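Here is the structure we will look at.
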Amino acid sequence: MKKLLPTSTAGSLPKPSWLAQPEKLWSPWKLQGEELIEGKQDALRVSLGEQQLAGIDIVSDGEQTRQHFVTTFIEHLSGVDFEKRETVKIRDRYDASVPTVVGAVAREKPVFVEDARFLRQQTKAPIKWALPGPMTMIDTLYDSHYKSREKLAWEFATILNQEAKELEAAGVDIIQFDEPAFNVFFDEVNDWGIATLEKAIEGLNCETAVHICYGYGIKANTDWKKTLGAEWRQYEEIFPKLQKSSIDLVSLECHNSHVPMDLIELIRGKKVMVGAIDVASETIETPEDVANTIRKALQFVDADKLYPCTNCGMAPLSRTVARSKLNALSAGAEIVRRELSAS
Ligand SMILES: [Zn+2]
C-alpha cells in the first residue's frame, strides 16, 4: 500500500562548509573545475543521507548542485549576458543586480540532467527535482531583447520543457517549478503565468509540482511579510485558475504563516505539499507542532493527497537546525499517520 502523508522538503538544504559558506544564501562555490563537480556530488550524497536518516520519503539533491535557484539555471542558457548587469526590483520587493537578456534565449545543453542521473543512482526512493518557473525566471533578469515579460516567459517555458523531459528520462519522479513570483503578480499569473507553466510541463508523464511561497527567511522577505496584514490571502487570487490547470501538486507555505488554511479548499483535487516547517525561524518545531499543521490542513485536503513539507528551502539555516527540523517533520507526519490508521 502507498504510504500516507509522504514527507519531502520544498527545496534547498544547507551546504557543507567546504563547498560554500554555510548559513549564507547564494554563497559562492569554494571549489572549481573538477574539484567542484566532485564536491557537489559529495555534498549531494551527504544531503541525501541526512534526508534518509531523518526518514524523509521523497528525497532531493538538497540543491547542492546550484548556487542560486534561478541564476544557476540561466547561466547555462545562451542569449543572456552575465557581464552586462542591471539593477532591477525582484518581485517588487528588493533591488538586485541581474544579468541581461541580449538575444534569443536557448538551452544548448542539458543543465541538471547529469546531476539528476547521479541522484537517481544513489537511491530507490522517489526523487523530486526543482527548476525555476518561467515567471520567476523573467523576474530575475533584465530584458533588452524581447522587451515583453510574457514573450520571454514563453521562451523560458519551452526551454524548461526540454529540460523537464530529460529529467523525467533520467528517472525523476516529481519535477517541481519554483514560482514565488505567483504570490506577487496576480494579473500576469492569471493572464499567462499559469499558461506558461503548463507549457513547461507539456507532454510529461512524471508528476509535476509548483512551489509558491513567501520566500526565504531573509530580511527583504520578512520585512515584506510585515506589510501583508493579519491575513495573507495572496493564494486566493491564483488558486481558482491553478485548480483547473494540469499541475499535479501545489507546494505551499502554511506553518507560522498568516495564510488562512481554508484557502486550500480552492485547489481541492490537487495534491498539496503542506509547509509544516517554518524556514524563517531557528526554533525547532515539535512533532506535535507539525502534527497540528497537518491536522488543520486535513480539513481541506484529502488524506491521500496531503504531502507534509517545509515552507521553503532551508539553505540559510545551520546544518544542525535543518537536521532537527527534518526530524520534526518526519515525527509529526508519523503522529498523524497513526491517528489516520486508527480511525
Ligand atoms: Zn520557497
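We label chains A, B, ... in the order they appear in the C-alpha cells, count residues from 1 in each chain, and number ligands from 1 in the order shown.
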
### Message
ligand 1: which residues are within 12 Å, counting only C-alpha atoms and all ligand atoms? Reply as a count of residues only.
### Response
48

### Shell of 10 Å around Phe73 in chain A, only C-alpha atoms, local chain residues under 5 positions omitted, as a ChimeraX atom specification
/A:66-68,107,110-112,131-132,137,160

### Nearest to Glu50 in chain A, chosen from A:Thr7, A:Leu326, A:Ser343, A:Glu285, with only C-alpha atoms counted in the distances
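Selected residue with least distance to Glu50 in chain A: A:Leu326.
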
### Message
Please list as JSON, numbers by chain every residue within 7 Å of Ile284 in chain A, counting only C-alpha atoms and excluding residues in the same chain fewer than 6 positions away.
### Response
{"A": [321, 324, 325]}

### Task
Would you return as a VMD selection string the members of range 138-229 of chain A that DSSP assigns to alpha helix (DSSP H) on this structure's backbone?
chain A and resid 138 149 to 169 186 to 188 194 to 200 219 to 226

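The environment of Leu306 in chain A within 6 Å, counting only C-alpha atoms and disregarding residues fewer than 5 places along the same chain, consists of Leu5, Lys271 and Val272 of chain A.
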
### Task
Write out as a list in words each polymer residue whose atoms come within 10 Å of Ala230 in chain A, counting only C-alpha atoms; drop sequence neighbours fewer than 6 positions from it.
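Neighbouring residues, sequence-local ones excluded: Ser257, His258, Val259 and Pro260 of chain A.
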
Output N, CA and C atoms for every residue in the selection just made, as a PDB file, in the first residue's frame.
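File result.pdb, as written:
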ATOM      1  N   SER A 257       2.648  30.869   9.130  1.00  0.00           N
ATOM      2  CA  SER A 257       2.371  31.949   8.189  1.00  0.00           C
ATOM      3  C   SER A 257       0.963  32.450   8.490  1.00  0.00           C
ATOM      4  N   HIS A 258       0.615  33.557   7.870  1.00  0.00           N
ATOM      5  CA  HIS A 258      -0.720  34.106   8.114  1.00  0.00           C
ATOM      6  C   HIS A 258      -1.677  33.741   6.984  1.00  0.00           C
ATOM      7  N   VAL A 259      -1.359  32.667   6.298  1.00  0.00           N
ATOM      8  CA  VAL A 259      -2.236  32.196   5.230  1.00  0.00           C
ATOM      9  C   VAL A 259      -3.415  31.459   5.866  1.00  0.00           C
ATOM     10  N   PRO A 260      -4.645  31.927   5.622  1.00  0.00           N
ATOM     11  CA  PRO A 260      -5.777  31.181   6.175  1.00  0.00           C
ATOM     12  C   PRO A 260      -5.831  29.791   5.530  1.00  0.00           C
TER      13      PRO A 260
END

### Query
Restricting the calculation to only C-alpha atoms, which member of A:Trp192, A:Ala328, A:Ile335, A:His255 is positioned closest to Lys296 in chain A?
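Ranking A:Trp192, A:Ala328, A:Ile335, A:His255 by distance to Lys296 in chain A, first place goes to A:His255.
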
### Task
as an MDAnalysis selection string, please: all residues of range 10-84 of chain A that backbone DSSP puts in strand (DSSP E).
chainID A and resid 77:84

### Task
Counting only C-alpha atoms, figure out which residue out of A:Lys109, A:His76, A:Lys147, A:Arg93 gets nearest to Lys225 in chain A.
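Once distances to Lys225 in chain A are computed over only C-alpha atoms, the minimum belongs to A:Arg93.
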